[in-house]
$ cat data06.pdb   # PDB, C-alpha atoms (C1' of nucleotides)
ATOM      1  CA  MET A1268      90.889 112.343 122.992
ATOM      2  CA  ALA A1269      92.460 115.752 123.008
ATOM      3  CA  ARG A1270      96.015 116.913 123.155
ATOM      4  CA  ALA A1271      97.983 115.377 125.997
ATOM      5  CA  PRO A1272      98.121 117.602 129.069
ATOM      6  CA  VAL A1273     101.193 119.729 129.300
ATOM      7  CA  THR A1274     101.843 118.133 132.664
ATOM      8  CA  SER A1275     101.801 114.626 131.261
ATOM      9  CA  ASP A1276     105.551 114.447 130.744
ATOM     10  CA  VAL A1277     108.708 116.478 130.356
ATOM     11  CA  PHE A1278     108.483 116.582 126.557
ATOM     12  CA  ASN A1279     105.176 118.375 126.796
ATOM     13  CA  ALA A1280     106.268 120.630 129.603
ATOM     14  CA  ILE A1281     109.271 121.983 127.715
ATOM     15  CA  ALA A1282     107.323 122.643 124.550
ATOM     16  CA  ASP A1283     106.569 126.117 125.846
ATOM     17  CA  PRO A1284     109.393 128.624 125.239
ATOM     18  CA  LYS A1285     108.763 130.582 128.428
ATOM     19  CA  ARG A1286     109.122 127.426 130.436
ATOM     20  CA  ARG A1287     112.406 126.668 128.742
ATOM     21  CA  GLU A1288     113.483 130.186 129.572
ATOM     22  CA  ILE A1289     112.655 129.623 133.216
ATOM     23  CA  ILE A1290     114.636 126.401 133.157
ATOM     24  CA  ASP A1291     117.587 128.227 131.626
ATOM     25  CA  LEU A1292     117.438 130.905 134.288
ATOM     26  CA  LEU A1293     117.348 128.380 137.091
ATOM     27  CA  ALA A1294     120.230 126.485 135.571
ATOM     28  CA  GLY A1295     122.324 129.590 135.350
ATOM     29  CA  SER A1296     121.685 130.865 138.827
ATOM     30  CA  GLY A1297     121.429 127.882 141.116
ATOM     31  CA  GLU A1298     118.138 129.080 142.515
ATOM     32  CA  GLN A1299     115.712 131.951 142.222
ATOM     33  CA  ALA A1300     112.741 133.303 144.097
ATOM     34  CA  VAL A1301     109.578 133.805 142.085
ATOM     35  CA  GLY A1302     110.016 137.538 142.307
ATOM     36  CA  ASP A1303     113.447 137.315 140.721
ATOM     37  CA  LEU A1304     112.017 135.392 137.817
ATOM     38  CA  VAL A1305     109.190 137.885 137.444
ATOM     39  CA  ARG A1306     111.663 140.747 137.255
ATOM     40  CA  THR A1307     113.976 138.984 134.858
ATOM     41  CA  LEU A1308     111.304 137.695 132.530
ATOM     42  CA  ARG A1309     109.236 140.876 132.770
ATOM     43  CA  ILE A1310     105.926 139.076 132.620
ATOM     44  CA  ALA A1311     103.019 139.009 135.047
ATOM     45  CA  GLN A1312     103.590 137.177 138.307
ATOM     46  CA  PRO A1313     100.606 134.829 138.033
ATOM     47  CA  ARG A1314     101.874 133.818 134.664
ATOM     48  CA  VAL A1315     105.225 132.870 136.133
ATOM     49  CA  SER A1316     103.574 131.002 138.990
ATOM     50  CA  LYS A1317     101.489 129.035 136.545
ATOM     51  CA  HIS A1318     104.485 128.039 134.484
ATOM     52  CA  LEU A1319     106.264 127.033 137.661
ATOM     53  CA  ARG A1320     103.351 124.879 138.628
ATOM     54  CA  VAL A1321     103.613 122.958 135.387
ATOM     55  CA  LEU A1322     107.337 122.508 135.901
ATOM     56  CA  ARG A1323     106.732 121.381 139.465
ATOM     57  CA  THR A1324     104.155 118.842 138.357
ATOM     58  CA  VAL A1325     106.608 117.119 136.058
ATOM     59  CA  ARG A1326     109.287 117.528 138.737
ATOM     60  CA  LEU A1327     111.544 119.658 136.590
ATOM     61  CA  VAL A1328     111.840 122.048 139.522
ATOM     62  CA  SER A1329     111.476 121.913 143.264
ATOM     63  CA  VAL A1330     110.626 124.629 145.764
ATOM     64  CA  ALA A1331     111.764 125.679 149.182
ATOM     65  CA  ARG A1332     110.051 128.301 151.310
ATOM     66  CA  ARG A1333     112.252 131.034 152.572
ATOM     67  CA  GLY A1334     110.412 133.598 154.598
ATOM     68  CA  ARG A1335     107.726 135.099 152.433
ATOM     69  CA  SER A1336     109.237 133.943 149.221
ATOM     70  CA  ARG A1337     109.613 130.613 147.539
ATOM     71  CA  VAL A1338     112.870 129.648 146.041
ATOM     72  CA  TYR A1339     112.885 127.434 142.985
ATOM     73  CA  ARG A1340     115.638 125.165 141.916
ATOM     74  CA  LEU A1341     116.153 123.075 138.805
ATOM     75  CA  ASN A1342     116.011 119.287 138.734
ATOM     76  CA  ALA A1343     118.094 118.899 135.639
ATOM     77  CA  ASP A1344     118.015 115.124 135.888
ATOM     78  CA  ARG A1345     114.482 115.182 134.614
ATOM     79  CA  LEU A1346     115.768 116.419 131.266
ATOM     80  CA  LYS A1347     117.800 113.304 130.705
ATOM     81  CA  PRO A1348     115.083 111.424 128.809
ATOM     82  CA  VAL A1349     114.893 114.285 126.350
ATOM     83  CA  HIS A1350     118.631 114.329 126.025
ATOM     84  CA  ASP A1351     118.809 110.583 125.557
ATOM     85  CA  TRP A1352     116.176 110.630 122.881
ATOM     86  CA  VAL A1353     117.631 113.420 120.824
ATOM     87  CA  LYS A1354     121.216 112.325 121.298
ATOM     88  CA  ALA A1355     120.549 109.383 119.034
ATOM     89  CA  TYR A1356     120.361 111.866 116.167
ATOM     90  CA  GLU A1357     123.656 113.575 116.817
ATOM     91  CA  ARG A1358     125.353 111.584 114.101
ATOM     92  CA  PHE A1359     123.191 113.242 111.477
ATOM     93  CA  TRP A1360     124.869 116.597 111.879
ATOM     94  CA  SER A1361     127.904 116.198 114.113
ATOM     95  CA  ASN A1362     131.037 116.143 111.953
ATOM     96  CA  GLN A1363     131.745 115.711 108.287
ATOM     97  CA  PHE A1364     132.887 112.145 108.674
ATOM     98  CA  ASP A1365     129.925 110.979 110.712
ATOM     99  CA  ARG A1366     127.551 112.794 108.440
ATOM    100  CA  ILE A1367     128.914 110.919 105.458
ATOM    101  CA  LYS A1368     128.719 107.699 107.379
ATOM    102  CA  ALA A1369     125.148 108.402 108.418
ATOM    103  CA  ARG A1370     124.143 109.151 104.844
ATOM    104  CA  ALA A1371     125.765 105.985 103.630
ATOM    105  CA  GLU A1372     123.937 103.928 106.200
ATOM    106  CA  GLN A1373     120.695 105.558 105.207
ATOM    107  CA  LYS A1374     121.213 104.877 101.515
ATOM    108  CA  ALA A1375     122.021 101.288 102.311
ATOM    109  CA  GLN A1376     118.836 100.924 104.278
ATOM    110  CA  GLU A1377     116.862 102.397 101.424
ATOM    111  CA  ARG A1378     118.293 100.002  98.918
ATOM    112  CA  LYS A1379     117.577  97.148 101.264
ATOM    113  CA  ASN A1380     113.980  98.247 101.701
ATOM    114  CA  GLN A1381     112.649  99.302  98.340
ATOM    115  CA  PRO A1382     114.736  99.169  95.189
ATOM    116  CA  SER A1383     112.894 101.738  93.064
ATOM    117  CA  ASN A1384     113.032 105.385  92.008
ATOM    118  CA  PRO A1385     111.315 108.234  93.851
ATOM    119  CA  THR A1386     109.619 110.852  91.704
ATOM    120  CA  GLN A1387     108.622 114.070  93.443
ATOM    121  CA  GLU A1388     110.386 115.676  96.328
ATOM    122  CA  ASP A1389     109.535 117.550  99.487
TER     123      ASP A1389
ATOM    124  CA  MET B 739      95.964 133.059 123.837
ATOM    125  CA  ALA B 740      95.780 129.293 123.828
ATOM    126  CA  ARG B 741      98.418 126.629 123.680
ATOM    127  CA  ALA B 742     100.860 127.147 120.837
ATOM    128  CA  PRO B 743      99.986 125.148 117.731
ATOM    129  CA  VAL B 744     101.755 121.864 117.499
ATOM    130  CA  THR B 745     103.069 122.979 114.150
ATOM    131  CA  SER B 746     104.619 126.124 115.557
ATOM    132  CA  ASP B 747     108.020 124.584 116.103
ATOM    133  CA  VAL B 748     109.918 121.338 116.515
ATOM    134  CA  PHE B 749     109.640 121.349 120.301
ATOM    135  CA  ASN B 750     105.878 121.256 120.044
ATOM    136  CA  ALA B 751     105.861 118.743 117.241
ATOM    137  CA  ILE B 752     107.913 116.194 119.153
ATOM    138  CA  ALA B 753     105.852 116.493 122.316
ATOM    139  CA  ASP B 754     103.627 113.711 121.026
ATOM    140  CA  PRO B 755     105.025 110.221 121.648
ATOM    141  CA  LYS B 756     103.584 108.734 118.463
ATOM    142  CA  ARG B 757     105.332 111.382 116.441
ATOM    143  CA  ARG B 758     108.593 110.591 118.152
ATOM    144  CA  GLU B 759     107.982 106.962 117.353
ATOM    145  CA  ILE B 760     107.509 107.809 113.707
ATOM    146  CA  ILE B 761     110.721 109.788 113.754
ATOM    147  CA  ASP B 762     112.526 106.833 115.308
ATOM    148  CA  LEU B 763     111.189 104.495 112.662
ATOM    149  CA  LEU B 764     112.256 106.768 109.849
ATOM    150  CA  ALA B 765     115.683 107.161 111.384
ATOM    151  CA  GLY B 766     116.145 103.446 111.618
ATOM    152  CA  SER B 767     115.014 102.594 108.147
ATOM    153  CA  GLY B 768     116.124 105.343 105.859
ATOM    154  CA  GLU B 769     112.664 105.747 104.447
ATOM    155  CA  GLN B 770     109.206 104.285 104.742
ATOM    156  CA  ALA B 771     105.935 104.415 102.882
ATOM    157  CA  VAL B 772     102.880 105.405 104.881
ATOM    158  CA  GLY B 773     101.589 101.878 104.703
ATOM    159  CA  ASP B 774     104.741 100.522 106.269
ATOM    160  CA  LEU B 775     104.338 102.912 109.161
ATOM    161  CA  VAL B 776     100.697 101.962 109.540
ATOM    162  CA  ARG B 777     101.601  98.295 109.742
ATOM    163  CA  THR B 778     104.457  98.840 112.137
ATOM    164  CA  LEU B 779     102.659 101.226 114.446
ATOM    165  CA  ARG B 780      99.380  99.326 114.227
ATOM    166  CA  ILE B 781      97.249 102.422 114.342
ATOM    167  CA  ALA B 782      94.673 103.769 111.898
ATOM    168  CA  GLN B 783      96.002 105.103 108.632
ATOM    169  CA  PRO B 784      94.401 108.567 108.883
ATOM    170  CA  ARG B 785      96.003 108.939 112.241
ATOM    171  CA  VAL B 786      99.421 108.261 110.771
ATOM    172  CA  SER B 787      98.779 110.644 107.891
ATOM    173  CA  LYS B 788      97.813 113.376 110.311
ATOM    174  CA  HIS B 789     100.939 112.913 112.375
ATOM    175  CA  LEU B 790     102.980 112.975 109.213
ATOM    176  CA  ARG B 791     101.347 116.212 108.207
ATOM    177  CA  VAL B 792     102.462 117.829 111.442
ATOM    178  CA  LEU B 793     105.979 116.541 110.952
ATOM    179  CA  ARG B 794     105.967 117.787 107.378
ATOM    180  CA  THR B 795     104.817 121.225 108.457
ATOM    181  CA  VAL B 796     107.775 121.682 110.769
ATOM    182  CA  ARG B 797     110.001 120.091 108.106
ATOM    183  CA  LEU B 798     111.028 117.180 110.272
ATOM    184  CA  VAL B 799     110.225 114.891 107.358
ATOM    185  CA  SER B 800     109.956 115.151 103.605
ATOM    186  CA  VAL B 801     107.980 113.097 101.116
ATOM    187  CA  ALA B 802     108.524 111.602  97.708
ATOM    188  CA  ARG B 803     105.817 110.034  95.596
ATOM    189  CA  ARG B 804     106.518 106.586  94.365
ATOM    190  CA  GLY B 805     103.714 105.070  92.382
ATOM    191  CA  ARG B 806     100.656 104.956  94.554
ATOM    192  CA  SER B 807     102.540 105.359  97.749
ATOM    193  CA  ARG B 808     104.365 108.166  99.389
ATOM    194  CA  VAL B 809     107.707 107.582 100.896
ATOM    195  CA  TYR B 810     108.715 109.583 103.920
ATOM    196  CA  ARG B 811     112.209 110.384 104.986
ATOM    197  CA  LEU B 812     113.591 112.033 108.104
ATOM    198  CA  ASN B 813     115.190 115.478 108.153
ATOM    199  CA  ALA B 814     117.208 114.901 111.267
ATOM    200  CA  ASP B 815     118.848 118.303 111.022
ATOM    201  CA  ARG B 816     115.652 119.853 112.272
ATOM    202  CA  LEU B 817     116.233 118.194 115.627
ATOM    203  CA  LYS B 818     119.449 120.068 116.201
ATOM    204  CA  PRO B 819     117.858 122.975 118.082
ATOM    205  CA  VAL B 820     116.389 120.510 120.556
ATOM    206  CA  HIS B 821     119.705 118.796 120.886
ATOM    207  CA  ASP B 822     121.554 122.060 121.363
ATOM    208  CA  TRP B 823     119.167 123.210 124.036
ATOM    209  CA  VAL B 824     119.197 120.049 126.088
ATOM    210  CA  LYS B 825     122.890 119.417 125.634
ATOM    211  CA  ALA B 826     123.606 122.350 127.914
ATOM    212  CA  TYR B 827     122.307 120.205 130.772
ATOM    213  CA  GLU B 828     124.480 117.199 130.116
ATOM    214  CA  ARG B 829     126.885 118.196 132.850
ATOM    215  CA  PHE B 830     124.200 117.675 135.468
ATOM    216  CA  TRP B 831     124.175 113.937 135.051
ATOM    217  CA  SER B 832     127.088 112.928 132.842
ATOM    218  CA  ASN B 833     129.877 111.539 135.038
ATOM    219  CA  GLN B 834     130.670 111.607 138.713
ATOM    220  CA  PHE B 835     133.319 114.266 138.352
ATOM    221  CA  ASP B 836     131.228 116.649 136.302
ATOM    222  CA  ARG B 837     128.271 116.108 138.552
ATOM    223  CA  ILE B 838     130.287 117.134 141.545
ATOM    224  CA  LYS B 839     131.600 120.115 139.663
ATOM    225  CA  ALA B 840     128.102 121.099 138.593
ATOM    226  CA  ARG B 841     126.840 120.874 142.160
ATOM    227  CA  ALA B 842     129.717 122.955 143.388
ATOM    228  CA  GLU B 843     129.016 125.637 140.819
ATOM    229  CA  GLN B 844     125.407 125.645 141.805
ATOM    230  CA  LYS B 845     126.151 126.000 145.511
ATOM    231  CA  ALA B 846     128.505 128.844 144.731
ATOM    232  CA  GLN B 847     125.815 130.616 142.761
ATOM    233  CA  GLU B 848     123.383 130.182 145.598
ATOM    234  CA  ARG B 849     125.735 131.673 148.131
ATOM    235  CA  LYS B 850     126.378 134.561 145.795
ATOM    236  CA  ASN B 851     122.656 135.198 145.350
ATOM    237  CA  GLN B 852     120.994 134.818 148.716
ATOM    238  CA  PRO B 853     122.890 133.969 151.876
ATOM    239  CA  SER B 854     120.080 132.501 153.953
ATOM    240  CA  ASN B 855     118.551 129.190 155.000
ATOM    241  CA  PRO B 856     115.743 127.413 153.141
ATOM    242  CA  THR B 857     113.003 125.889 155.238
ATOM    243  CA  GLN B 858     110.670 123.483 153.497
ATOM    244  CA  GLU B 859     111.530 121.247 150.627
ATOM    245  CA  ASP B 860     109.950 119.905 147.485
TER     246      ASP B 860
ATOM    247  C1'  DT C 833      85.764 102.203  82.431
ATOM    248  C1'  DT C 834      85.611 100.011  86.501
ATOM    249  C1'  DG C 835      87.683  98.480  90.542
ATOM    250  C1'  DA C 836      91.159  98.231  93.838
ATOM    251  C1'  DT C 837      94.929 100.235  96.397
ATOM    252  C1'  DA C 838      97.340 103.994  98.915
ATOM    253  C1'  DT C 839      97.055 108.174 101.115
ATOM    254  C1'  DA C 840      95.106 112.624 102.466
ATOM    255  C1'  DT C 841      91.413 115.492 104.037
ATOM    256  C1'  DT C 842      87.174 116.859 106.276
ATOM    257  C1'  DC C 843      83.917 116.844 109.939
ATOM    258  C1'  DC C 844      83.059 115.961 114.545
ATOM    259  C1'  DA C 845      83.372 116.053 119.828
ATOM    260  C1'  DG C 846      85.505 116.410 124.122
ATOM    261  C1'  DA C 847      89.537 117.985 126.430
ATOM    262  C1'  DT C 848      93.111 121.185 127.316
ATOM    263  C1'  DT C 849      95.501 125.228 127.031
ATOM    264  C1'  DG C 850      97.808 130.058 128.241
ATOM    265  C1'  DG C 851      96.972 134.699 129.620
ATOM    266  C1'  DG C 852      94.536 138.489 132.071
ATOM    267  C1'  DA C 853      92.065 140.011 136.041
ATOM    268  C1'  DA C 854      90.660 139.376 140.463
ATOM    269  C1'  DT C 855      91.353 137.283 144.631
ATOM    270  C1'  DA C 856      92.987 134.116 148.189
ATOM    271  C1'  DC C 857      96.711 132.661 151.073
ATOM    272  C1'  DC C 858     100.705 132.921 154.138
ATOM    273  C1'  DA C 859     104.496 135.076 156.588
ATOM    274  C1'  DT C 860     106.428 139.248 158.317
ATOM    275  C1'  DT C 861     106.396 143.759 160.234
ATOM    276  C1'  DC C 862     104.261 147.646 162.498
TER     277       DC C 862
ATOM    278  C1'  DG D 374      95.485 142.847 164.859
ATOM    279  C1'  DA D 375      96.096 145.393 160.693
ATOM    280  C1'  DA D 376      98.794 146.504 156.883
ATOM    281  C1'  DT D 377     102.174 144.821 153.608
ATOM    282  C1'  DG D 378     104.783 141.892 150.645
ATOM    283  C1'  DG D 379     105.310 137.605 147.959
ATOM    284  C1'  DT D 380     102.943 133.798 145.677
ATOM    285  C1'  DA D 381      99.413 130.786 144.324
ATOM    286  C1'  DT D 382      94.840 129.960 142.732
ATOM    287  C1'  DT D 383      90.415 130.709 140.504
ATOM    288  C1'  DC D 384      87.491 132.260 136.831
ATOM    289  C1'  DC D 385      87.086 133.323 132.238
ATOM    290  C1'  DC D 386      87.550 132.498 127.032
ATOM    291  C1'  DA D 387      89.230 131.915 122.436
ATOM    292  C1'  DA D 388      92.296 128.777 120.190
ATOM    293  C1'  DT D 389      93.900 124.242 119.475
ATOM    294  C1'  DC D 390      94.397 119.482 119.715
ATOM    295  C1'  DT D 391      93.675 114.275 118.894
ATOM    296  C1'  DG D 392      91.202 110.443 117.287
ATOM    297  C1'  DG D 393      87.404 108.169 114.806
ATOM    298  C1'  DA D 394      84.442 107.882 110.889
ATOM    299  C1'  DA D 395      83.452 109.096 106.520
ATOM    300  C1'  DT D 396      84.944 110.715 102.297
ATOM    301  C1'  DA D 397      87.979 112.626  98.697
ATOM    302  C1'  DT D 398      91.900 112.131  95.686
ATOM    303  C1'  DA D 399      95.243 109.858  92.879
ATOM    304  C1'  DT D 400      97.376 105.944  90.719
ATOM    305  C1'  DC D 401      97.563 101.512  88.853
ATOM    306  C1'  DA D 402      95.437  97.221  86.855
ATOM    307  C1'  DA D 403      92.164  94.555  84.295
TER     308       DA D 403
END
$ encode --input "data06.pdb" --output "structure tokens"
Amino acid sequence: MARAPVTSDVFNAIADPKRREIIDLLAGSGEQAVGDLVRTLRIAQPRVSKHLRVLRTVRLVSVARRGRSRVYRLNADRLKPVHDWVKAYERFWSNQFDRIKARAEQKAQERKNQPSNPTQED
Amino acid sequence: MARAPVTSDVFNAIADPKRREIIDLLAGSGEQAVGDLVRTLRIAQPRVSKHLRVLRTVRLVSVARRGRSRVYRLNADRLKPVHDWVKAYERFWSNQFDRIKARAEQKAQERKNQPSNPTQED
DNA sequence: TTGATATATTCCAGATTGGGAATACCATTC
DNA sequence: GAATGGTATTCCCAATCTGGAATATATCAA
């Protein structure tokens, strides 16, 4: 097999920085026509359309026709799985107290798993 | 250009579900030898080693030699950029109140941008 | 040394990508 | 209807990926 298609899920779709940028723009502005995005991002129009297609496929955005243009809007809900996944790691960097707690838990786990002494690091 | 290398940043590295699974395992157990991961994930050992290499490259994990085995540990800090990015969207689904507020903000933006009437949906 | 154990690397194939250029498509205006 | 404006799609290609199989490397044990 090869790499999973970028349209296979939201995690893959947001791996591209330009697509995240588009998402950010849509979040900040409610909605935008393709032309607006093209002007803001300053990249070729087909390129924008292609990114939008990927985002559409994973339902991160939806479109509405308005005259000649198409207005895109964000479906932020679709980002929830990403949020949920990464939120579980908040405790590792949040505040001093939690960080200490997290480290302690980790050390405990280690001791429970393999009482021994690591040699090299990285 | 082609798709960005999977080792180019954390967003790309975590696009693969198996790699996220590995991260989850390391988070839950403090540390694990490759063999442990192989047994838990029930996939071929070279496959695990290759995923670990990707994770190492983006510094999501670090290794320590211990006898014949190599023990991997999570560097959860590296997930912070992902967390920070997606956290900005929390308000879209968090609680009823915020959701209403978010919608209101969005509508306001829309009105400010293009007073008109959308036609088709998707 | 020899053998076994643990892990990493290499080689392979098929699949997929993102960007540029050209072009097609659709709605509006003249 | 023809010209125009706004978007989407197609065609192209070099770069990458993932997984399997085979193999290399390193450590420990007898």
$ interface_residues --input "data06.pdb" --of "chain C" --to "chain A" --cutoff "8 Å" --atoms "all atoms listed in the file" --output "list in words"
DG846, DA847, DT848, DG851, DC858, DA859 and DT860 of chain C
$ atom_distance --input "data06.pdb" --atom1 "atom C1' of DA840 of chain C" --atom2 "atom CA of Leu817 of chain B"
25.5 Å
$ interface_residues --input "data06.pdb" --of "chain D" --to "chain A" --cutoff "12 Å" --atoms "all atoms listed in the file" --output "PDB file with C-alpha atoms (C1' of nucleotides), in the coordinates of the input"
ATOM      1  C1'  DT D 377     102.174 144.821 153.608  1.00  0.00           C
ATOM      2  C1'  DG D 378     104.783 141.892 150.645  1.00  0.00           C
ATOM      3  C1'  DG D 379     105.310 137.605 147.959  1.00  0.00           C
ATOM      4  C1'  DT D 380     102.943 133.798 145.677  1.00  0.00           C
ATOM      5  C1'  DA D 381      99.413 130.786 144.324  1.00  0.00           C
ATOM      6  C1'  DT D 382      94.840 129.960 142.732  1.00  0.00           C
ATOM      7  C1'  DT D 383      90.415 130.709 140.504  1.00  0.00           C
ATOM      8  C1'  DT D 389      93.900 124.242 119.475  1.00  0.00           C
ATOM      9  C1'  DC D 390      94.397 119.482 119.715  1.00  0.00           C
ATOM     10  C1'  DT D 391      93.675 114.275 118.894  1.00  0.00           C
ATOM     11  C1'  DG D 392      91.202 110.443 117.287  1.00  0.00           C
ATOM     12  C1'  DG D 393      87.404 108.169 114.806  1.00  0.00           C
TER      13       DG D 393
END
$ resolve_selection --input "data06.pdb" --expression "the PyMOL selection byres ((chain A and resi 1286) around 10)" --output "list of chain:residue names"
A:Ala1280, A:Ile1281, A:Ala1282, A:Asp1283, A:Pro1284, A:Lys1285, A:Arg1287, A:Glu1288, A:Ile1289, A:Ile1290, A:Asp1291, A:Leu1292, A:Val1315, A:Lys1317, A:His1318, A:Leu1319, A:Val1321, A:Leu1322
$ resolve_selection --input "data06.pdb" --expression "the PyMOL selection byres ((chain B and resi 765) around 9)" --output "number ranges by chain"
A: 1356, 1373; B: 760-764, 766-769, 811-814
$ decode --input "data06.pdb" --residues "segment 1302-1316 of chain A" --atoms "N, CA and C atoms" --output "PDB file, in the first residue's frame"
ATOM      1  N   GLY A1302     -12.558  33.636  -4.715  1.00  0.00           N
ATOM      2  CA  GLY A1302     -11.748  34.776  -5.130  1.00  0.00           C
ATOM      3  C   GLY A1302     -11.126  35.512  -3.958  1.00  0.00           C
ATOM      4  N   ASP A1303     -11.867  35.623  -2.878  1.00  0.00           N
ATOM      5  CA  ASP A1303     -11.334  36.270  -1.676  1.00  0.00           C
ATOM      6  C   ASP A1303     -10.126  35.501  -1.169  1.00  0.00           C
ATOM      7  N   LEU A1304     -10.283  34.191  -1.117  1.00  0.00           N
ATOM      8  CA  LEU A1304      -9.190  33.355  -0.635  1.00  0.00           C
ATOM      9  C   LEU A1304      -7.968  33.499  -1.540  1.00  0.00           C
ATOM     10  N   VAL A1305      -8.229  33.493  -2.841  1.00  0.00           N
ATOM     11  CA  VAL A1305      -7.126  33.630  -3.798  1.00  0.00           C
ATOM     12  C   VAL A1305      -6.374  34.926  -3.538  1.00  0.00           C
ATOM     13  N   ARG A1306      -7.103  36.005  -3.337  1.00  0.00           N
ATOM     14  CA  ARG A1306      -6.445  37.291  -3.105  1.00  0.00           C
ATOM     15  C   ARG A1306      -5.701  37.312  -1.786  1.00  0.00           C
ATOM     16  N   THR A1307      -6.307  36.742  -0.773  1.00  0.00           N
ATOM     17  CA  THR A1307      -5.651  36.760   0.541  1.00  0.00           C
ATOM     18  C   THR A1307      -4.410  35.874   0.577  1.00  0.00           C
ATOM     19  N   LEU A1308      -4.551  34.694   0.021  1.00  0.00           N
ATOM     20  CA  LEU A1308      -3.435  33.744   0.077  1.00  0.00           C
ATOM     21  C   LEU A1308      -2.363  34.061  -0.965  1.00  0.00           C
ATOM     22  N   ARG A1309      -2.752  34.757  -2.003  1.00  0.00           N
ATOM     23  CA  ARG A1309      -1.829  35.121  -3.080  1.00  0.00           C
ATOM     24  C   ARG A1309      -1.197  33.881  -3.717  1.00  0.00           C
ATOM     25  N   ILE A1310      -2.031  32.925  -4.009  1.00  0.00           N
ATOM     26  CA  ILE A1310      -1.566  31.755  -4.758  1.00  0.00           C
ATOM     27  C   ILE A1310      -2.544  31.527  -5.904  1.00  0.00           C
ATOM     28  N   ALA A1311      -2.153  30.715  -6.859  1.00  0.00           N
ATOM     29  CA  ALA A1311      -2.971  30.497  -8.043  1.00  0.00           C
ATOM     30  C   ALA A1311      -4.361  29.969  -7.701  1.00  0.00           C
ATOM     31  N   GLN A1312      -5.336  30.399  -8.457  1.00  0.00           N
ATOM     32  CA  GLN A1312      -6.719  30.006  -8.192  1.00  0.00           C
ATOM     33  C   GLN A1312      -6.943  28.496  -8.273  1.00  0.00           C
ATOM     34  N   PRO A1313      -6.409  27.816  -9.281  1.00  0.00           N
ATOM     35  CA  PRO A1313      -6.652  26.368  -9.314  1.00  0.00           C
ATOM     36  C   PRO A1313      -6.097  25.675  -8.072  1.00  0.00           C
ATOM     37  N   ARG A1314      -5.027  26.234  -7.585  1.00  0.00           N
ATOM     38  CA  ARG A1314      -4.431  25.643  -6.395  1.00  0.00           C
ATOM     39  C   ARG A1314      -5.407  25.765  -5.222  1.00  0.00           C
ATOM     40  N   VAL A1315      -6.003  26.907  -5.085  1.00  0.00           N
ATOM     41  CA  VAL A1315      -6.970  27.109  -4.009  1.00  0.00           C
ATOM     42  C   VAL A1315      -8.156  26.166  -4.194  1.00  0.00           C
ATOM     43  N   SER A1316      -8.659  26.103  -5.418  1.00  0.00           N
ATOM     44  CA  SER A1316      -9.803  25.230  -5.688  1.00  0.00           C
ATOM     45  C   SER A1316      -9.493  23.781  -5.346  1.00  0.00           C
TER      46      SER A1316
END
